Each structure stands twice: as C-alpha cells, then as structure tokens.
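This is start.txt. It holds compact mmCIF, C-alpha atoms.
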# COMPACT_ATOMS: atom_id res chain seq x y z
CA MET I 25 62.06 105.79 93.05
CA SER I 26 59.58 107.54 95.34
CA GLY I 27 59.18 107.72 99.09
CA HIS I 28 61.81 107.04 101.72
CA VAL I 29 64.19 104.10 101.71
CA ALA I 30 63.86 102.31 105.04
CA LEU I 31 66.45 100.00 106.54
CA ASP I 32 63.95 98.16 108.71
CA VAL I 33 60.32 97.29 108.14
CA GLN I 34 58.03 97.71 111.15
CA ALA I 35 54.31 98.19 111.58
CA PRO I 36 53.52 101.93 111.83
CA PRO I 37 52.01 103.17 115.10
CA GLN I 38 48.29 103.88 115.20
CA GLY I 39 47.50 107.18 113.55
CA ALA I 40 50.74 107.28 111.58
CA VAL I 41 48.95 106.18 108.41
CA ALA I 42 46.74 109.25 108.50
CA VAL I 43 49.70 111.53 109.03
CA ALA I 44 51.64 109.89 106.20
CA ALA I 45 48.66 110.23 103.89
CA ALA I 46 48.39 113.92 104.67
CA SER I 47 52.13 114.51 104.09
CA PRO I 48 53.35 115.06 100.54
CA PRO I 49 55.56 112.27 99.14
CA ALA I 50 59.28 112.86 99.26
CA LYS I 51 60.83 114.11 96.05
CA PRO I 52 62.98 111.53 94.21
CA GLY I 53 66.05 113.77 94.51
CA ALA I 54 65.62 114.14 98.28
CA ALA I 55 65.09 110.41 98.72
CA LEU I 56 68.19 109.67 96.64
CA ALA I 57 70.28 112.15 98.64
CA GLY I 58 69.05 110.57 101.87
CA LEU I 59 70.01 107.12 100.61
CA VAL I 60 73.51 108.28 99.64
CA TRP I 61 74.03 109.88 103.05
CA THR I 62 72.82 106.73 104.81
CA LEU I 63 75.18 104.51 102.80
CA VAL I 64 78.17 106.79 103.40
CA ARG I 65 77.47 107.14 107.13
CA THR I 66 76.87 103.41 107.58
CA ASP I 67 80.05 102.51 105.72
CA PHE I 68 82.07 104.93 107.85
CA LYS I 69 80.67 103.56 111.10
CA ALA I 70 81.11 99.95 110.04
CA ARG I 71 84.73 100.47 109.02
CA TYR I 72 85.86 102.04 112.29
CA HIS I 73 83.42 100.49 114.75
CA GLY I 74 85.18 99.08 117.80
CA THR I 75 88.59 100.62 117.01
CA LEU I 76 90.35 102.83 119.53
CA SER I 77 91.65 105.40 117.06
CA GLY I 78 88.73 105.36 114.62
CA PHE I 79 89.33 107.46 111.51
CA ALA I 80 92.95 108.08 112.57
CA TRP I 81 93.81 104.61 111.27
CA ALA I 82 93.08 105.80 107.73
CA LEU I 83 95.78 108.46 108.12
CA LEU I 84 98.24 106.26 110.02
CA LYS I 85 98.66 103.77 107.19
CA PRO I 86 100.23 106.16 104.63
CA LEU I 87 102.06 108.06 107.39
CA THR I 88 103.67 104.85 108.62
CA MET I 89 104.65 103.94 105.08
CA PHE I 90 106.05 107.45 104.69
CA ALA I 91 108.26 107.05 107.77
CA VAL I 92 109.62 103.72 106.51
CA LEU I 93 110.27 104.92 102.97
CA VAL I 94 111.89 108.15 104.11
CA GLY I 95 114.25 106.15 106.31
CA VAL I 96 115.24 103.96 103.38
CA PHE I 97 115.15 106.15 100.28
CA SER I 98 116.44 109.35 101.84
CA LEU I 99 119.84 107.67 101.68
CA ILE I 100 119.44 107.51 97.90
CA PHE I 101 117.43 110.63 97.07
CA GLY I 102 118.45 112.79 100.04
CA ALA I 103 119.89 115.39 97.69
CA GLU I 104 116.42 116.14 96.36
CA ARG I 105 115.34 119.28 98.25
CA THR I 106 111.62 118.47 98.23
CA TYR I 107 111.87 114.69 98.39
CA LYS I 108 109.92 114.28 101.65
CA LEU I 109 107.03 116.45 100.46
CA ASP I 110 107.02 114.72 97.07
CA LEU I 111 106.91 111.36 98.82
CA ILE I 112 104.03 112.13 101.16
CA ILE I 113 101.93 113.67 98.36
CA GLY I 114 102.55 110.62 96.22
CA LEU I 115 101.72 108.21 99.05
CA PHE I 116 98.38 109.79 99.98
CA LEU I 117 97.23 110.09 96.37
CA TRP I 118 98.32 106.52 95.68
CA ASP I 119 96.57 105.26 98.81
CA PHE I 120 93.34 106.91 97.62
CA PHE I 121 93.67 105.26 94.22
CA ALA I 122 94.60 101.81 95.56
CA GLU I 123 92.04 101.74 98.38
CA GLY I 124 89.28 103.31 96.27
CA THR I 125 89.65 100.81 93.43
CA LYS I 126 89.87 97.92 95.90
CA VAL I 127 86.60 98.70 97.68
CA GLY I 128 84.92 99.78 94.44
CA LEU I 129 85.74 96.47 92.80
CA THR I 130 83.94 94.46 95.49
CA SER I 131 81.21 97.00 96.26
CA LEU I 132 78.32 95.23 94.50
CA HIS I 133 79.34 91.86 95.89
CA ALA I 134 79.59 93.25 99.43
CA LYS I 135 76.41 95.34 99.42
CA GLY I 136 74.31 93.81 96.68
CA PHE I 137 71.86 92.42 99.24
CA LEU I 138 70.54 95.98 99.67
CA LEU I 139 69.14 95.85 96.15
CA ALA I 140 66.58 93.29 97.31
CA LYS I 141 65.47 95.52 100.19
CA ALA I 142 64.87 98.76 98.32
CA ARG I 143 64.58 100.04 94.76
CA PHE I 144 67.41 102.34 93.74
CA PRO I 145 70.07 102.46 91.01
CA SER I 146 72.76 99.89 91.77
CA TRP I 147 75.54 102.24 90.66
CA ILE I 148 74.98 104.22 93.86
CA LEU I 149 76.55 101.34 95.81
CA VAL I 150 79.66 101.63 93.64
CA VAL I 151 80.03 105.40 93.86
CA THR I 152 79.44 105.64 97.62
CA SER I 153 81.93 102.84 98.31
CA ILE I 154 84.86 105.23 97.78
CA SER I 155 83.61 107.74 100.37
CA ASN I 156 86.08 106.66 103.08
CA PRO I 157 89.20 106.83 100.87
CA LEU I 158 87.96 110.16 99.51
CA LEU I 159 87.48 111.57 103.01
CA THR I 160 91.03 110.51 103.91
CA VAL I 161 92.59 112.28 100.95
CA VAL I 162 90.49 115.42 101.58
CA VAL I 163 91.66 115.58 105.21
CA PHE I 164 95.24 115.12 103.99
CA ALA I 165 94.84 117.89 101.39
CA ILE I 166 93.60 120.32 104.05
CA ALA I 167 96.43 119.40 106.43
CA LEU I 168 99.04 119.67 103.68
CA THR I 169 97.76 123.06 102.56
CA ALA I 170 97.90 124.35 106.14
CA PHE I 171 101.44 122.97 106.55
CA LEU I 172 102.70 124.57 103.33
CA THR I 173 101.09 127.88 104.24
CA VAL I 174 102.72 127.94 107.67
CA THR I 175 106.18 126.75 106.64
CA SER I 176 106.51 128.57 103.31
CA ALA I 177 104.74 130.99 101.02
CA GLY I 178 102.17 128.29 100.33
CA PRO I 179 100.37 127.52 97.07
CA SER I 180 98.26 130.24 95.48
CA ALA I 181 94.49 130.04 95.28
CA GLY I 182 94.71 129.13 91.61
CA HIS I 183 97.12 126.30 92.32
CA LEU I 184 94.86 124.99 95.08
CA VAL I 185 91.96 124.93 92.62
CA LEU I 186 94.12 122.96 90.19
CA PHE I 187 95.07 120.51 92.94
CA ALA I 188 91.39 120.05 93.80
CA CYS I 189 90.70 119.35 90.12
CA TYR I 190 93.43 116.70 90.11
CA VAL I 191 91.93 114.97 93.15
CA VAL I 192 88.50 115.07 91.48
CA SER I 193 90.06 113.65 88.32
CA LEU I 194 91.62 110.79 90.28
CA GLY I 195 88.26 110.18 91.95
CA ALA I 196 86.58 110.04 88.54
CA ILE I 197 89.19 107.51 87.37
CA VAL I 198 88.52 105.40 90.47
CA ILE I 199 84.76 105.54 89.84
CA GLY I 200 85.16 104.63 86.18
CA PHE I 201 87.31 101.64 87.05
CA SER I 202 84.98 100.60 89.88
CA LEU I 203 81.88 100.71 87.68
CA ALA I 204 83.40 98.25 85.24
CA ALA I 205 85.24 96.09 87.76
CA SER I 206 82.31 95.76 90.17
CA VAL I 207 80.02 94.11 87.62
CA LEU I 208 82.83 91.99 86.17
CA PHE I 209 83.81 90.78 89.65
CA LEU I 210 80.34 89.30 90.15
CA ARG I 211 81.12 86.89 87.31
CA PHE I 212 84.91 86.61 87.52
CA ARG I 213 85.88 86.29 91.18
CA ASP I 214 89.62 86.13 90.45
CA LEU I 215 89.55 89.76 89.39
CA ASN I 216 90.35 91.09 92.86
CA GLN I 217 93.44 88.85 93.07
CA VAL I 218 94.59 90.08 89.67
CA TRP I 219 94.05 93.69 90.70
CA ASP I 220 96.07 93.16 93.90
CA VAL I 221 99.02 92.07 91.78
CA VAL I 222 98.55 95.00 89.40
CA THR I 223 98.45 97.58 92.20
CA GLN I 224 101.52 96.10 93.89
CA ALA I 225 103.45 96.46 90.64
CA GLY I 226 101.81 99.80 89.92
CA PHE I 227 103.16 101.28 93.15
CA PHE I 228 106.62 101.15 91.58
CA VAL I 229 105.47 102.21 88.13
CA ALA I 230 104.15 105.51 89.49
CA PRO I 231 106.93 107.91 90.57
CA ILE I 232 106.14 107.73 94.28
CA VAL I 233 109.37 106.67 95.97
CA TYR I 234 111.64 107.98 93.22
CA PRO I 235 111.74 111.28 91.28
CA VAL I 236 110.46 110.88 87.75
CA GLY I 237 113.67 112.53 86.55
CA VAL I 238 115.73 109.43 87.36
CA ILE I 239 113.90 107.58 84.57
CA PRO I 240 115.17 108.29 81.03
CA GLU I 241 112.84 110.72 79.32
CA ARG I 242 112.08 108.32 76.48
CA PHE I 243 110.25 106.10 79.00
CA HIS I 244 108.12 108.88 80.56
CA PHE I 245 105.32 108.27 78.07
CA TYR I 246 104.83 104.74 79.41
CA LEU I 247 104.81 105.96 83.01
CA TYR I 248 102.03 108.41 82.17
CA LEU I 249 99.87 105.64 80.76
CA TRP I 250 99.39 104.56 84.37
CA PRO I 251 96.62 106.94 85.60
CA PRO I 252 98.04 107.85 89.05
CA THR I 253 101.30 109.12 87.52
CA ALA I 254 99.81 112.23 85.94
CA VAL I 255 97.78 113.17 89.02
CA ILE I 256 100.77 112.71 91.36
CA GLU I 257 103.19 114.67 89.17
CA PHE I 258 100.72 117.48 88.43
CA SER I 259 99.86 117.81 92.13
CA ARG I 260 103.53 118.10 93.07
CA ALA I 261 104.05 120.69 90.35
CA VAL I 262 101.36 123.07 91.61
CA LEU I 263 101.76 122.52 95.37
CA ILE I 264 105.54 122.44 95.71
CA ASP I 265 107.08 123.87 92.56
CA GLY I 266 104.36 126.45 91.93
CA ARG I 267 104.54 125.53 88.27
CA PRO I 268 101.28 124.34 86.69
CA PRO I 269 101.48 121.79 83.87
CA THR I 270 100.99 122.83 80.27
CA PRO I 271 97.55 122.99 78.62
CA LEU I 272 98.54 119.92 76.59
CA ALA I 273 99.23 118.01 79.81
CA HIS I 274 95.84 119.03 81.19
CA ALA I 275 94.17 117.96 77.95
CA TYR I 276 95.85 114.55 78.28
CA LEU I 277 94.55 114.15 81.84
CA ALA I 278 91.04 115.20 80.82
CA ALA I 279 91.07 112.72 77.94
CA MET I 280 92.23 109.94 80.26
CA VAL I 281 89.47 110.71 82.78
CA ALA I 282 86.82 110.85 80.06
CA GLY I 283 88.06 107.60 78.54
CA VAL I 284 88.09 105.67 81.83
CA LEU I 285 84.64 106.97 82.78
CA ALA I 286 83.22 106.17 79.36
CA VAL I 287 84.57 102.62 79.31
CA GLY I 288 83.45 102.05 82.90
CA ALA I 289 79.95 103.32 82.19
CA LEU I 290 79.63 101.22 79.02
CA VAL I 291 80.76 98.02 80.72
CA TYR I 292 78.50 98.70 83.67
CA ALA I 293 75.48 99.48 81.50
CA SER I 294 75.94 96.28 79.51
CA ARG I 295 76.06 94.06 82.61
CA ALA I 296 74.02 95.95 85.20
CA PRO I 297 70.66 94.38 84.19
CA ARG I 298 72.00 90.99 85.33
CA VAL I 299 73.44 92.15 88.64
CA ALA I 300 70.60 90.59 90.62
CA GLU I 301 71.46 87.16 89.22
CA TYR I 302 74.93 87.13 90.79
CA VAL I 303 74.63 89.03 94.10

Go ahead and render the structure in this file as structure tokens.
Amino acid sequence: MSGHVALDVQAPPQGAVAVAAASPPAKPGAALAGLVWTLVRTDFKARYHGTLSGFAWALLKPLTMFAVLVGVFSLIFGAERTYKLDLIIGLFLWDFFAEGTKVGLTSLHAKGFLLAKARFPSWILVVTSISNPLLTVVVFAIALTAFLTVTSAGPSAGHLVLFACYVVSLGAIVIGFSLAASVLFLRFRDLNQVWDVVTQAGFFVAPIVYPVGVIPERFHFYLYLWPPTAVIEFSRAVLIDGRPPTPLAHAYLAAMVAGVLAVGALVYASRAPRVAEYV
C-alpha cells in the first residue's frame, strides 16, 4: 500500500496537484500507522458519541457488576481477606476478554465496507476492533496500581511488569480468537449467538466470583483450559499476594497464547482471500 488512505474523495484544489507531485510519497509504514490511528479514533468516537458520560460508561459496567456481586457473594466469601480486590481484578480482565472477543468476532462484518474504499490488509480491522476494551483495561490497571500503592506497600516493579505481560497475553488470545472467528462469522452467522452462550457459561467457569480454592484441586486442570482463568489467577498472584507463578505456569500460559494465535492466523489466512465475497 502506498500513499495516504482517504475517507472521502474530493477534487483537489487548483495547484494541489503540483504540490503533491513535488512531495515524496508517504512510506508504507507511516500510511499504515495513520490508518490504524484513524480506525481506533473513529471507533472510539462512534462508540461514545452522544452519551453524557462518554468513556466513563466503559468503566461503569464492571464497577456496577462489582457492587452487585460484592453485595451477594460477600455473604458467602466474606472471610476471604482479599475477596473484593480479587473480584474487581477478575471482573475487569473478564470484561476485556468478553467484550474484545465479541467486537472482534463481528469486526469484518461491521467494517468490511472499508475494504472497498481503500487497499489495506483486512486483518487490521480485526486487530483495531479491540482498542476500546483494551483502553478500558489499561485505565483500570493504572487506577488499581495507584490504589494498591496508596493503601498498601503496592506491587513491585517486577510484579507490575508481569501483570502487564498477562494483559498483553490476554490481548493476544483475544486477537487470535477474533482472527479466526471474524472470517468464520462471515459464513456462519449463528457464531455470535453461540459465543454469547459460551461466554455466559464461561463467566462461571473462570474463578471470578469464587476463589479457585473452593474447587477440588483435581478439577483445577479443567478450569485452566479456559484461557481467562490463568490470566486472572496470575494477575491476582502478583498484584495482591506478591507471589509470582512458577516458570512452568508461565510456560503453560505462553504455550496457550502461541497456540491460540497460531490457530487464529491459520484459519484467517485460509479464508481471508474470500472475505470480499461475504462482506
């Protein structure tokens, strides 16, 4: 791809042709970066346009759920010293996973018309679709770090780096899923309904509202097959307990991320050439 990607096509003013001819063409990398920024900014504006609270709504959803769940489950797990912090960490990470996969799944269907207006890799539409959920979890991570620092000793720099790696890992899992699901959704439109059911059940599979210790240890392996479980538990371990997971646990997470990304990329590559037929 060369040159700039324009959203509207208008006749250039007189003299502009000479100026454009004298200017060097934009580098492909700069044009691609400009396209990504335009897609992210447009998606952000479209999502919160006309709302009174704007981006605050993205934070209010998990916070409201937190208030409800604390009121209910504190009666059961109130003896857990860090239950409230565990719950809010789990909720924000889960919300990123659920919202990111939801918008990623429908990203090509929702924005595929842009492929007819400009030439660029279609996977960019998939990757940039998770920008809003990612921004929400980043804001939460900053706020949580500030809260822990003020109210306690706070996590160390090394633990914060590990937490950032876990968020990146969850983002990579979301992207891998979205790459595969977005091209499959163009052909199988029931996929989003199926995924809604899966995520509703998955909310209770991941140890969000309950401590993982209440589940018999022989079943923990099955819980960790669900991708959000490892990220949620590892994040709690470094932020609250100050106890990083073992190297074997990190190797498992890395293998899961690599596997999801590889499968997503393979499915996408096999079906991407026919995207234009279905959008």

What's around Pro252 in chain I at 8 Å? Count only C-alpha atoms, leave out sequence neighbours fewer than 4 positions away in its own chain, and write the answer as a compact mmCIF listing (two decimals) with C-alpha atoms, keeping the file's coordinate frame.
# COMPACT_ATOMS: atom_id res chain seq x y z
CA LEU I 117 97.23 110.09 96.37
CA TRP I 118 98.32 106.52 95.68
CA PHE I 121 93.67 105.26 94.22
CA LEU I 194 91.62 110.79 90.28
CA ALA I 230 104.15 105.51 89.49
CA TYR I 248 102.03 108.41 82.17
CA ILE I 256 100.77 112.71 91.36

- request: In Å, rounded to a single decimal, give me how far CA of Leu247 in chain I is from CA of Ser153 in chain I.
  value: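 Between CA of Ser153 in chain I and CA of Leu247 in chain I the gap is 27.7 Å.
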
field: Who sits within 12 Å of Ala279 in chain I, all atoms listed in the file, same chain under 3 positions skipped, as a list in words
entry: Ser193, Ala196, Ile197, Leu249, Pro251, Ala254, Leu272, Ala273, His274, Ala275, Tyr276, Ala282, Gly283, Val284, Leu285 and Ala286 of chain I

query: Thr125 in chain I: which residues within 9 Å, counting only C-alpha atoms, same-chain residues fewer than 2 positions away excluded, as a PyMOL selection string?
result: chain I and resi 120-123+127-130+154+198-199+201-202+205+219

task: Identify which of the residues I:Leu210, I:Ala188, I:Leu290, I:Val281 lies closest to Lys135 in chain I, counting only C-alpha atoms when measuring atom-to-atom distances.
output: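 Looking only at the distances to Lys135 in chain I, the closest residue turns out to be I:Leu210.
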
query: Please, which residues are within 12 Å of (88.3, 112.9, 100.5) by the file's coordinates, counting all atoms listed in the file, and could they come as a ChimeraX atom specification?
result: /I:82-83,116-117,119-121,123-124,152,154-167,188,191-192,194-195

Those selected residues, please, written with C-alpha atoms and delivered as a PDB file, in the coordinates of the input.
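The resulting selection-v3.pdb:
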ATOM      1  CA  ALA I  82      93.080 105.800 107.730  1.00  0.00           C
ATOM      2  CA  LEU I  83      95.780 108.460 108.120  1.00  0.00           C
ATOM      3  CA  PHE I 116      98.380 109.790  99.980  1.00  0.00           C
ATOM      4  CA  LEU I 117      97.230 110.090  96.370  1.00  0.00           C
ATOM      5  CA  ASP I 119      96.570 105.260  98.810  1.00  0.00           C
ATOM      6  CA  PHE I 120      93.340 106.910  97.620  1.00  0.00           C
ATOM      7  CA  PHE I 121      93.670 105.260  94.220  1.00  0.00           C
ATOM      8  CA  GLU I 123      92.040 101.740  98.380  1.00  0.00           C
ATOM      9  CA  GLY I 124      89.280 103.310  96.270  1.00  0.00           C
ATOM     10  CA  THR I 152      79.440 105.640  97.620  1.00  0.00           C
ATOM     11  CA  ILE I 154      84.860 105.230  97.780  1.00  0.00           C
ATOM     12  CA  SER I 155      83.610 107.740 100.370  1.00  0.00           C
ATOM     13  CA  ASN I 156      86.080 106.660 103.080  1.00  0.00           C
ATOM     14  CA  PRO I 157      89.200 106.830 100.870  1.00  0.00           C
ATOM     15  CA  LEU I 158      87.960 110.160  99.510  1.00  0.00           C
ATOM     16  CA  LEU I 159      87.480 111.570 103.010  1.00  0.00           C
ATOM     17  CA  THR I 160      91.030 110.510 103.910  1.00  0.00           C
ATOM     18  CA  VAL I 161      92.590 112.280 100.950  1.00  0.00           C
ATOM     19  CA  VAL I 162      90.490 115.420 101.580  1.00  0.00           C
ATOM     20  CA  VAL I 163      91.660 115.580 105.210  1.00  0.00           C
ATOM     21  CA  PHE I 164      95.240 115.120 103.990  1.00  0.00           C
ATOM     22  CA  ALA I 165      94.840 117.890 101.390  1.00  0.00           C
ATOM     23  CA  ILE I 166      93.600 120.320 104.050  1.00  0.00           C
ATOM     24  CA  ALA I 167      96.430 119.400 106.430  1.00  0.00           C
ATOM     25  CA  ALA I 188      91.390 120.050  93.800  1.00  0.00           C
ATOM     26  CA  VAL I 191      91.930 114.970  93.150  1.00  0.00           C
ATOM     27  CA  VAL I 192      88.500 115.070  91.480  1.00  0.00           C
ATOM     28  CA  LEU I 194      91.620 110.790  90.280  1.00  0.00           C
ATOM     29  CA  GLY I 195      88.260 110.180  91.950  1.00  0.00           C
TER      30      GLY I 195
END

- request: Find the residue from I:Tyr107, I:Phe90, I:Phe209, I:Trp61 that sits nearest to Tyr234 in chain I; use all atoms listed in the file when measuring.
  value: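 Of the candidates, the smallest distance to Tyr234 in chain I is held by I:Tyr107.
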
field: Near-Leu203 in chain I list (8 Å; all atoms listed in the file; drop same-chain fewer than 3 positions) as a PyMOL selection string
entry: chain I and resi 128-129+147+150-151+199-200+206-207+288-289+291-292

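Coordinates place CA of Phe245 in chain I at a distance of 24.8 Å from CA of Lys108 in chain I.
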
- request: Tell me which of I:Ile264, I:Ile112, I:Ile239, I:Ala296 sits closest to Thr88 in chain I, counting all atoms listed in the file.
  value: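 Checking each candidate against Thr88 in chain I, we get I:Ile112 as the closest.
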
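CA of Gly114 in chain I is found 12.8 Å from CA of Phe187 in chain I.
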
Selection near range 266-270 of chain I, 12 Å with all atoms listed in the file, sequence-local residues under 2 positions removed, as JSON, numbers by chain: {"I": [172, 176, 177, 178, 179, 180, 181, 182, 183, 184, 185, 186, 187, 190, 254, 255, 256, 257, 258, 259, 260, 261, 262, 263, 264, 272, 273, 274, 275, 276, 277]}
